[in-house]
$ cat model_11.csv   # CSV, C-alpha atoms and all ligand atoms
chain,number,residue,atom,x,y,z
A,288,MET,CA,-2.2,-16.0,6.5
A,289,THR,CA,0.1,-13.8,8.5
A,290,ASP,CA,0.6,-11.7,5.4
A,291,SER,CA,-2.9,-10.5,5.7
A,292,PRO,CA,-3.4,-7.0,7.2
A,293,MET,CA,-4.1,-6.9,11.0
A,294,VAL,CA,-7.1,-4.6,10.3
A,295,THR,CA,-9.2,-4.4,7.1
A,296,VAL,CA,-12.0,-1.8,7.1
A,297,ASN,CA,-14.1,-2.0,4.0
A,298,GLU,CA,-16.9,0.5,3.1
A,299,VAL,CA,-17.8,1.0,6.8
A,300,THR,CA,-20.8,3.2,7.5
A,301,LYS,CA,-22.3,4.1,10.8
A,302,THR,CA,-25.5,6.1,11.3
A,303,TYR,CA,-27.1,7.2,14.5
A,304,GLY,CA,-30.8,8.0,14.9
A,305,SER,CA,-33.4,8.2,12.1
A,306,GLY,CA,-35.4,10.6,10.0
A,307,SER,CA,-34.5,14.2,10.3
A,308,GLY,CA,-32.3,13.4,13.3
A,309,LYS,CA,-30.1,10.9,11.4
A,310,VAL,CA,-26.4,11.5,11.8
A,311,THR,CA,-23.9,9.7,9.5
A,312,ALA,CA,-20.8,9.3,11.8
A,313,LEU,CA,-18.9,7.1,9.3
A,314,ASP,CA,-19.5,7.2,5.5
A,315,ALA,CA,-18.0,4.4,3.5
A,316,VAL,CA,-14.6,4.3,5.2
A,317,SER,CA,-12.0,1.9,3.8
A,318,PHE,CA,-8.4,1.3,4.9
A,319,GLU,CA,-6.0,-1.3,6.0
A,320,VAL,CA,-3.5,-1.5,8.9
A,321,GLY,CA,-0.5,-3.8,8.3
A,322,ARG,CA,0.8,-6.1,11.0
A,323,GLY,CA,3.3,-4.5,13.4
A,324,LYS,CA,2.4,-0.9,12.4
A,325,LEU,CA,1.5,2.0,14.6
A,326,VAL,CA,-1.2,4.1,12.8
A,327,ALA,CA,-2.4,7.5,14.0
A,328,LEU,CA,-6.1,8.3,13.5
A,329,VAL,CA,-6.6,12.0,13.4
A,330,GLY,CA,-9.4,14.4,12.8
A,331,ARG,CA,-11.3,17.1,14.6
A,332,SER,CA,-13.8,16.5,17.4
A,333,GLY,CA,-16.9,14.8,15.9
A,334,SER,CA,-15.1,13.5,12.8
A,335,GLY,CA,-15.9,9.8,13.7
A,336,LYS,CA,-12.7,8.6,15.4
A,337,THR,CA,-14.3,7.0,18.5
A,338,THR,CA,-17.1,5.5,16.4
A,339,LEU,CA,-14.5,3.9,14.1
A,340,LEU,CA,-12.3,2.6,16.8
A,341,ASN,CA,-15.2,1.1,18.7
A,342,CYS,CA,-16.4,-0.6,15.6
A,343,ILE,CA,-13.0,-2.1,14.9
A,344,GLY,CA,-12.5,-3.3,18.5
A,345,GLY,CA,-16.0,-4.8,18.7
A,346,LEU,CA,-17.4,-2.4,21.2
A,347,ASP,CA,-19.9,-1.2,18.7
A,348,ARG,CA,-21.3,-2.4,15.3
A,349,PRO,CA,-21.3,-0.5,12.1
A,350,SER,CA,-24.5,0.0,10.1
A,351,GLY,CA,-22.9,-1.3,7.0
A,352,GLY,CA,-19.5,-2.6,5.6
A,353,THR,CA,-17.1,-5.2,6.8
A,354,ILE,CA,-14.3,-5.1,9.4
A,355,VAL,CA,-11.7,-7.9,9.7
A,356,VAL,CA,-9.2,-8.0,12.6
A,357,ASN,CA,-6.5,-10.7,12.7
A,358,ASP,CA,-8.4,-12.7,10.1
A,359,ILE,CA,-11.6,-12.6,12.2
A,360,THR,CA,-14.6,-10.9,10.5
A,361,VAL,CA,-15.6,-8.8,13.5
A,362,THR,CA,-18.8,-7.5,11.8
A,363,LYS,CA,-20.2,-11.1,11.6
A,364,LEU,CA,-19.6,-11.9,15.3
A,365,SER,CA,-22.3,-12.3,17.9
A,366,GLU,CA,-22.2,-10.0,21.0
A,367,ARG,CA,-20.7,-12.9,23.0
A,368,ALA,CA,-18.0,-13.5,20.4
A,369,ARG,CA,-17.2,-9.8,20.4
A,370,THR,CA,-16.6,-10.0,24.1
A,371,GLY,CA,-14.2,-12.8,23.4
A,372,LEU,CA,-12.4,-10.7,20.8
A,373,ARG,CA,-11.9,-7.9,23.4
A,374,ARG,CA,-10.6,-10.5,25.9
A,375,ASP,CA,-8.2,-12.3,23.6
A,376,THR,CA,-7.3,-10.2,20.5
A,377,VAL,CA,-7.9,-6.5,21.0
A,378,ALA,CA,-7.1,-4.3,24.0
A,379,PHE,CA,-8.4,-0.7,24.6
A,380,VAL,CA,-6.8,2.3,26.2
A,381,PHE,CA,-9.2,5.2,26.8
A,382,GLN,CA,-8.7,8.9,27.4
A,383,THR,CA,-10.3,8.5,30.9
A,384,PHE,CA,-8.0,5.6,31.8
A,385,GLY,CA,-11.0,3.4,32.9
A,386,LEU,CA,-9.3,1.8,35.9
A,387,VAL,CA,-11.3,0.1,38.7
A,388,PRO,CA,-11.1,2.6,41.6
A,389,MET,CA,-11.0,0.2,44.5
A,390,LEU,CA,-8.3,-2.0,43.0
A,391,SER,CA,-4.6,-1.4,43.4
A,392,ALA,CA,-2.4,-0.7,40.3
A,393,ALA,CA,-1.2,-4.4,40.4
A,394,GLU,CA,-4.8,-5.7,40.7
A,395,ASN,CA,-6.0,-3.5,37.8
A,396,VAL,CA,-3.1,-4.8,35.6
A,397,GLY,CA,-3.9,-8.4,36.6
A,398,LEU,CA,-7.7,-8.1,35.9
A,399,PRO,CA,-7.7,-9.3,32.3
A,400,MET,CA,-5.7,-12.3,33.3
A,401,ARG,CA,-8.1,-13.1,36.1
A,402,LEU,CA,-10.9,-13.0,33.6
A,403,ARG,CA,-9.0,-15.6,31.6
A,404,ASN,CA,-8.4,-17.7,34.7
A,405,ALA,CA,-4.7,-17.5,34.4
A,406,LYS,CA,-2.8,-19.2,37.3
A,407,THR,CA,-2.0,-16.9,40.2
A,408,SER,CA,1.8,-17.5,39.9
A,409,VAL,CA,1.8,-16.8,36.2
A,410,ARG,CA,-0.3,-13.7,36.7
A,411,ASP,CA,1.8,-12.3,39.5
A,412,LYS,CA,4.9,-12.7,37.4
A,413,ARG,CA,3.4,-11.0,34.4
A,414,VAL,CA,1.9,-8.2,36.4
A,415,ALA,CA,5.4,-7.5,37.9
A,416,GLU,CA,6.9,-7.5,34.4
A,417,LEU,CA,4.3,-5.1,33.1
A,418,LEU,CA,4.5,-2.7,36.0
A,419,ASP,CA,8.3,-2.7,35.5
A,420,MET,CA,7.9,-2.0,31.8
A,421,VAL,CA,5.8,1.1,32.4
A,422,GLY,CA,8.0,2.2,35.3
A,423,LEU,CA,5.5,1.7,38.1
A,424,SER,CA,6.9,-1.1,40.2
A,425,LYS,CA,7.2,1.1,43.3
A,426,HIS,CA,3.5,2.1,43.0
A,427,MET,CA,2.0,-1.4,42.6
A,428,ASN,CA,-0.1,-1.2,45.8
A,429,GLN,CA,-1.6,2.3,45.2
A,430,ARG,CA,-5.1,2.8,44.0
A,431,PRO,CA,-5.9,5.0,41.0
A,432,ALA,CA,-6.9,8.0,43.1
A,433,GLU,CA,-3.4,7.9,44.7
A,434,LEU,CA,-1.7,8.1,41.3
A,435,SER,CA,-1.2,11.0,38.9
A,436,GLY,CA,-3.0,11.1,35.5
A,437,GLY,CA,0.2,10.0,33.7
A,438,GLN,CA,0.7,7.1,36.2
A,439,GLN,CA,-2.9,6.0,35.8
A,440,GLN,CA,-2.5,5.9,32.0
A,441,ARG,CA,0.7,3.8,32.5
A,442,VAL,CA,-1.4,1.4,34.6
A,443,ALA,CA,-4.0,1.3,31.8
A,444,ILE,CA,-1.4,0.6,29.2
A,445,ALA,CA,0.1,-2.2,31.3
A,446,ARG,CA,-3.4,-3.7,31.8
A,447,ALA,CA,-4.0,-3.5,28.0
A,448,LEU,CA,-0.9,-5.6,27.4
A,449,ALA,CA,-1.7,-8.2,30.0
A,450,ASN,CA,-3.2,-10.7,27.7
A,451,ASP,CA,-0.7,-10.1,24.8
A,452,PRO,CA,-3.3,-8.6,22.4
A,453,GLN,CA,-2.6,-8.6,18.7
A,454,LEU,CA,-4.1,-5.1,18.3
A,455,LEU,CA,-4.0,-2.2,20.7
A,456,ILE,CA,-6.6,0.5,20.2
A,457,ALA,CA,-6.1,3.8,22.1
A,458,ASP,CA,-8.7,6.5,21.9
A,459,GLU,CA,-7.0,9.9,22.6
A,460,PRO,CA,-4.8,8.4,25.3
A,461,THR,CA,-3.2,11.7,26.1
A,462,GLY,CA,-6.3,13.8,25.9
A,463,GLN,CA,-6.4,14.4,29.7
A,464,LEU,CA,-2.7,14.8,30.2
A,465,ASP,CA,-0.4,17.8,30.1
A,466,ALA,CA,1.8,18.1,27.1
A,467,ASP,CA,5.0,16.7,28.6
A,468,THR,CA,3.2,13.8,30.2
A,469,GLY,CA,1.4,13.2,27.0
A,470,THR,CA,4.7,13.0,25.0
A,471,ALA,CA,6.1,10.6,27.6
A,472,ILE,CA,3.0,8.4,27.3
A,473,MET,CA,3.2,8.4,23.5
A,474,GLY,CA,6.9,7.5,23.7
A,475,LEU,CA,6.0,4.6,26.0
A,476,LEU,CA,3.3,3.4,23.6
A,477,ARG,CA,5.7,3.5,20.7
A,478,GLU,CA,8.3,1.5,22.7
A,479,VAL,CA,5.9,-1.2,24.0
A,480,ILE,CA,4.3,-1.6,20.6
A,481,SER,CA,7.7,-2.1,18.9
A,482,THR,CA,9.1,-4.4,21.6
A,483,GLN,CA,5.9,-6.6,22.0
A,484,GLY,CA,5.5,-6.8,18.2
A,485,MET,CA,1.9,-5.5,18.3
A,486,THR,CA,-0.2,-3.5,15.9
A,487,ALA,CA,-1.7,-0.2,17.2
A,488,LEU,CA,-4.3,2.2,16.1
A,489,ILE,CA,-4.3,5.4,18.2
A,490,SER,CA,-6.6,8.4,17.8
A,491,THR,CA,-5.1,11.7,18.8
A,492,HIS,CA,-4.8,15.5,18.4
A,493,ASP,CA,-1.2,15.2,19.5
A,494,GLN,CA,1.5,16.0,17.0
A,495,SER,CA,4.1,14.0,18.9
A,496,LEU,CA,2.1,10.8,18.1
A,497,MET,CA,1.8,11.7,14.4
A,498,ASP,CA,5.6,12.2,14.4
A,499,ILE,CA,6.3,8.7,15.8
A,500,ALA,CA,3.5,6.8,13.9
A,501,ASP,CA,4.3,4.7,10.8
A,502,SER,CA,1.3,6.3,9.0
A,503,THR,CA,-1.7,8.5,9.5
A,504,VAL,CA,-5.3,8.0,8.7
A,505,ARG,CA,-7.3,11.3,8.6
A,506,LEU,CA,-11.1,11.6,9.1
A,507,ALA,CA,-13.2,14.6,8.3
A,508,ASP,CA,-17.0,14.5,8.7
A,509,GLY,CA,-17.0,10.7,8.7
A,510,HIS,CA,-14.9,10.5,5.5
A,511,LEU,CA,-11.4,9.3,5.1
A,512,VAL,CA,-9.5,12.3,3.6
A,513,ALA,CA,-5.8,11.6,3.4
A,514,GLU,CA,-3.2,8.9,4.1
A,515,ASP,CA,0.5,9.4,3.9
A,516,ASP,CA,1.5,5.7,3.6
A,517,PRO,CA,2.5,4.9,0.0
A,518,THR,CA,1.1,1.4,0.3
A,519,PHE,CA,-2.3,2.8,1.3
A,520,VAL,CA,-5.2,1.1,-0.5
A,521,GLY,CA,-8.0,3.1,0.9
A,522,THR,CA,-10.6,5.3,-0.8
A,523,GLY,CA,-8.6,8.5,-1.1
A,524,SER,CA,-10.8,9.6,-4.0
A,525,ARG,CA,-13.7,10.0,-1.5
A,526,ALA,CA,-11.9,13.0,0.1
A,527,THR,CA,-14.3,15.8,0.6
A,528,GLY,CA,-12.2,18.3,2.5
A,529,SER,CA,-15.3,19.2,4.3
A,530,GLU,CA,-15.0,21.2,7.5
A,531,HIS,CA,-18.4,20.2,8.8
A,532,GLN,CA,-18.7,18.2,12.0
A,533,GLY,CA,-20.9,15.1,12.1
A,534,ARG,CA,-22.8,15.4,8.8
A,535,ILE,CA,-26.6,15.6,9.2
A,536,VAL,CA,-28.4,13.8,6.3
B,601,LIG,P1,-14.8,11.8,17.5
B,601,LIG,O1,-14.3,10.7,18.3
B,601,LIG,O2,-13.9,12.1,16.3
B,601,LIG,O3,-14.9,13.1,18.2
B,601,LIG,P2,-17.3,10.5,17.4
B,601,LIG,O4,-17.1,9.2,16.7
B,601,LIG,O5,-17.5,10.5,18.8
B,601,LIG,O6,-16.2,11.5,16.8
B,601,LIG,O7,-18.6,11.1,16.7
B,601,LIG,C1,-18.9,11.2,15.3
B,601,LIG,C2,-20.3,11.7,15.1
B,601,LIG,O8,-21.3,10.8,15.5
B,601,LIG,C3,-20.6,13.0,15.8
B,601,LIG,O9,-21.4,13.8,15.0
B,601,LIG,C4,-21.3,12.6,17.0
B,601,LIG,O10,-22.2,13.6,17.5
B,601,LIG,C5,-22.1,11.4,16.5
B,601,LIG,N1,-22.3,10.4,17.6
B,601,LIG,C6,-21.4,9.7,18.3
B,601,LIG,N2,-22.0,8.8,19.1
B,601,LIG,C7,-23.3,9.0,19.0
B,601,LIG,C8,-24.5,8.4,19.6
B,601,LIG,N3,-24.4,7.5,20.5
B,601,LIG,N4,-25.7,8.9,19.2
B,601,LIG,C9,-25.8,9.8,18.3
B,601,LIG,N5,-24.8,10.4,17.6
B,601,LIG,C10,-23.6,10.0,18.0
B,602,MG,MG,-13.7,10.6,20.3
$ encode --input "model_11.csv" --output "structure tokens" --more "lines below"
Ligand code: ADP
Ligand code: MG
Amino acid sequence: MTDSPMVTVNEVTKTYGSGSGKVTALDAVSFEVGRGKLVALVGRSGSGKTTLLNCIGGLDRPSGGTIVVNDITVTKLSERARTGLRRDTVAFVFQTFGLVPMLSAAENVGLPMRLRNAKTSVRDKRVAELLDMVGLSKHMNQRPAELSGGQQQRVAIARALANDPQLLIADEPTGQLDADTGTAIMGLLREVISTQGMTALISTHDQSLMDIADSTVRLADGHLVAEDDPTFVGTGSRATGSEHQGRIV
């Protein structure tokens, strides 16, 4: 069972709207992510990265196809079960950090454990460990507005790790950061993913992530176009090389 891929995406399609306004954001996308891998998801703006990540993590549902995460068929889950998936199995890191403004760094990191009713003593210990891991122990009582962008993203990464997710999904996590801070955040992600034995799927425009990723999945116009992993089993033959954004059908 643990030999199965962490993520299997099979012929996934997502359309928005209908009639002449119909947009195909994902068009029969298939690929796998092996356990313990860090995979970079790249492609220009509008190529379908956010749509794909949201479907994999259970924030959104595809129009067709199947997604399996950690042997759970996400595309068959009810809304309630998808909420459970996001609490127990998958964690998200967003470009805009997504911290709760009125909570301190420590309270933000502890939030997922509160939602799981973890004991206070267990939670406090884990929060301290996580803040230490991301280098923010001294800032634990500061609120997001009192932290830099890079520090806020470190808090968001610590929060994402709180419930020991199997899969970390990060959608352009360095998109709002300057280049040096972005490189530092990518290095931190690489380190925590390796030391925690997690799998990660990270969308980016950032070459520094592509350099440290185990493999790259490239989207163009909702199609998968290339993959540099020799064990890749995706639909490379579907490559279109199209430069269009968000195909209108
Ligand atoms: P990326 O993250 O690579 O920039 P997205 O997944 O956000 O790409 O978008 C892919 C395509 O789907 C784009 O053409 C975008 O305009 C369209 N799209 C995304 N979300 C919606 C939505 N809620 N309604 C309609 N179209 C959408
Ligand atoms: Mg996006």
$ closest_atom_pairs --input "model_11.csv" --of "chain A" --to "ligand LIG 601 (chain B)" --cutoff "7 Å" --atoms "all atoms listed in the file" --output "JSON lines"
{"residue": "A:Tyr303", "atom": "CA", "partner": "B:LIG601", "partner_atom": "C9", "distance": 4.8}
{"residue": "A:Gly304", "atom": "CA", "partner": "B:LIG601", "partner_atom": "C9", "distance": 6.3}
{"residue": "A:Val310", "atom": "CA", "partner": "B:LIG601", "partner_atom": "N5", "distance": 6.1}
{"residue": "A:Thr311", "atom": "CA", "partner": "B:LIG601", "partner_atom": "O8", "distance": 6.6}
{"residue": "A:Ala312", "atom": "CA", "partner": "B:LIG601", "partner_atom": "O8", "distance": 4.0}
{"residue": "A:Gly330", "atom": "CA", "partner": "B:LIG601", "partner_atom": "O2", "distance": 6.1}
{"residue": "A:Arg331", "atom": "CA", "partner": "B:LIG601", "partner_atom": "O2", "distance": 5.9}
{"residue": "A:Ser332", "atom": "CA", "partner": "B:LIG601", "partner_atom": "O3", "distance": 3.7}
{"residue": "A:Gly333", "atom": "CA", "partner": "B:LIG601", "partner_atom": "O3", "distance": 3.5}
{"residue": "A:Ser334", "atom": "CA", "partner": "B:LIG601", "partner_atom": "O2", "distance": 4.0}
{"residue": "A:Gly335", "atom": "CA", "partner": "B:LIG601", "partner_atom": "O4", "distance": 3.3}
{"residue": "A:Lys336", "atom": "CA", "partner": "B:LIG601", "partner_atom": "O2", "distance": 3.8}
{"residue": "A:Thr337", "atom": "CA", "partner": "B:LIG601", "partner_atom": "O1", "distance": 3.7}
{"residue": "A:Thr338", "atom": "CA", "partner": "B:LIG601", "partner_atom": "O4", "distance": 3.7}
{"residue": "A:Leu339", "atom": "CA", "partner": "B:LIG601", "partner_atom": "O4", "distance": 6.5}
{"residue": "A:Gly509", "atom": "CA", "partner": "B:LIG601", "partner_atom": "C1", "distance": 6.9}
{"residue": "A:Gln532", "atom": "CA", "partner": "B:LIG601", "partner_atom": "O9", "distance": 6.0}
{"residue": "A:Gly533", "atom": "CA", "partner": "B:LIG601", "partner_atom": "O9", "distance": 3.2}
{"residue": "A:Arg534", "atom": "CA", "partner": "B:LIG601", "partner_atom": "O9", "distance": 6.6}
$ residues_around --input "model_11.csv" --residues "A:Thr376" --least-positions-apart "3" --cutoff "7 Å" --atoms "only C-alpha atoms" --output "ChimeraX atom specification"
/A:372-373,452-454
$ closest_residue --input "model_11.csv" --among "A:Val387, A:Val299, A:Val512, A:Leu417" --to "A:Asp314" --atoms "all atoms listed in the file"
A:Val299
$ residues_near_point --input "model_11.csv" --point "(3.8, 6.5, 25.7)" --cutoff "10 Å" --atoms "only C-alpha atoms" --output "mmCIF file with C-alpha atoms, keeping the file's coordinate frame"
data_model
loop_
_atom_site.group_PDB
_atom_site.id
_atom_site.type_symbol
_atom_site.label_atom_id
_atom_site.label_comp_id
_atom_site.auth_asym_id
_atom_site.auth_seq_id
_atom_site.Cartn_x
_atom_site.Cartn_y
_atom_site.Cartn_z
ATOM 1 C CA VAL A 421 5.800 1.100 32.400
ATOM 2 C CA GLY A 437 0.200 10.000 33.700
ATOM 3 C CA GLN A 440 -2.500 5.900 32.000
ATOM 4 C CA ARG A 441 0.700 3.800 32.500
ATOM 5 C CA ILE A 444 -1.400 0.600 29.200
ATOM 6 C CA PRO A 460 -4.800 8.400 25.300
ATOM 7 C CA THR A 461 -3.200 11.700 26.100
ATOM 8 C CA THR A 468 3.200 13.800 30.200
ATOM 9 C CA GLY A 469 1.400 13.200 27.000
ATOM 10 C CA THR A 470 4.700 13.000 25.000
ATOM 11 C CA ALA A 471 6.100 10.600 27.600
ATOM 12 C CA ILE A 472 3.000 8.400 27.300
ATOM 13 C CA MET A 473 3.200 8.400 23.500
ATOM 14 C CA GLY A 474 6.900 7.500 23.700
ATOM 15 C CA LEU A 475 6.000 4.600 26.000
ATOM 16 C CA LEU A 476 3.300 3.400 23.600
ATOM 17 C CA ARG A 477 5.700 3.500 20.700
ATOM 18 C CA GLU A 478 8.300 1.500 22.700
ATOM 19 C CA VAL A 479 5.900 -1.200 24.000
ATOM 20 C CA ILE A 480 4.300 -1.600 20.600
ATOM 21 C CA LEU A 496 2.100 10.800 18.100
#
$ residues_around --input "model_11.csv" --residues "A:Asp358" --least-positions-apart "6" --cutoff "12 Å" --atoms "only C-alpha atoms" --output "ChimeraX atom specification"
/A:288-296,322,372,376,453-454
$ write_last_selection --input "model_11.csv" --atoms "C-alpha atoms" --output "mmCIF file, in the coordinates of the input"
data_model
loop_
_atom_site.group_PDB
_atom_site.id
_atom_site.type_symbol
_atom_site.label_atom_id
_atom_site.label_comp_id
_atom_site.auth_asym_id
_atom_site.auth_seq_id
_atom_site.Cartn_x
_atom_site.Cartn_y
_atom_site.Cartn_z
ATOM 1 C CA MET A 288 -2.200 -16.000 6.500
ATOM 2 C CA THR A 289 0.100 -13.800 8.500
ATOM 3 C CA ASP A 290 0.600 -11.700 5.400
ATOM 4 C CA SER A 291 -2.900 -10.500 5.700
ATOM 5 C CA PRO A 292 -3.400 -7.000 7.200
ATOM 6 C CA MET A 293 -4.100 -6.900 11.000
ATOM 7 C CA VAL A 294 -7.100 -4.600 10.300
ATOM 8 C CA THR A 295 -9.200 -4.400 7.100
ATOM 9 C CA VAL A 296 -12.000 -1.800 7.100
ATOM 10 C CA ARG A 322 0.800 -6.100 11.000
ATOM 11 C CA LEU A 372 -12.400 -10.700 20.800
ATOM 12 C CA THR A 376 -7.300 -10.200 20.500
ATOM 13 C CA GLN A 453 -2.600 -8.600 18.700
ATOM 14 C CA LEU A 454 -4.100 -5.100 18.300
#
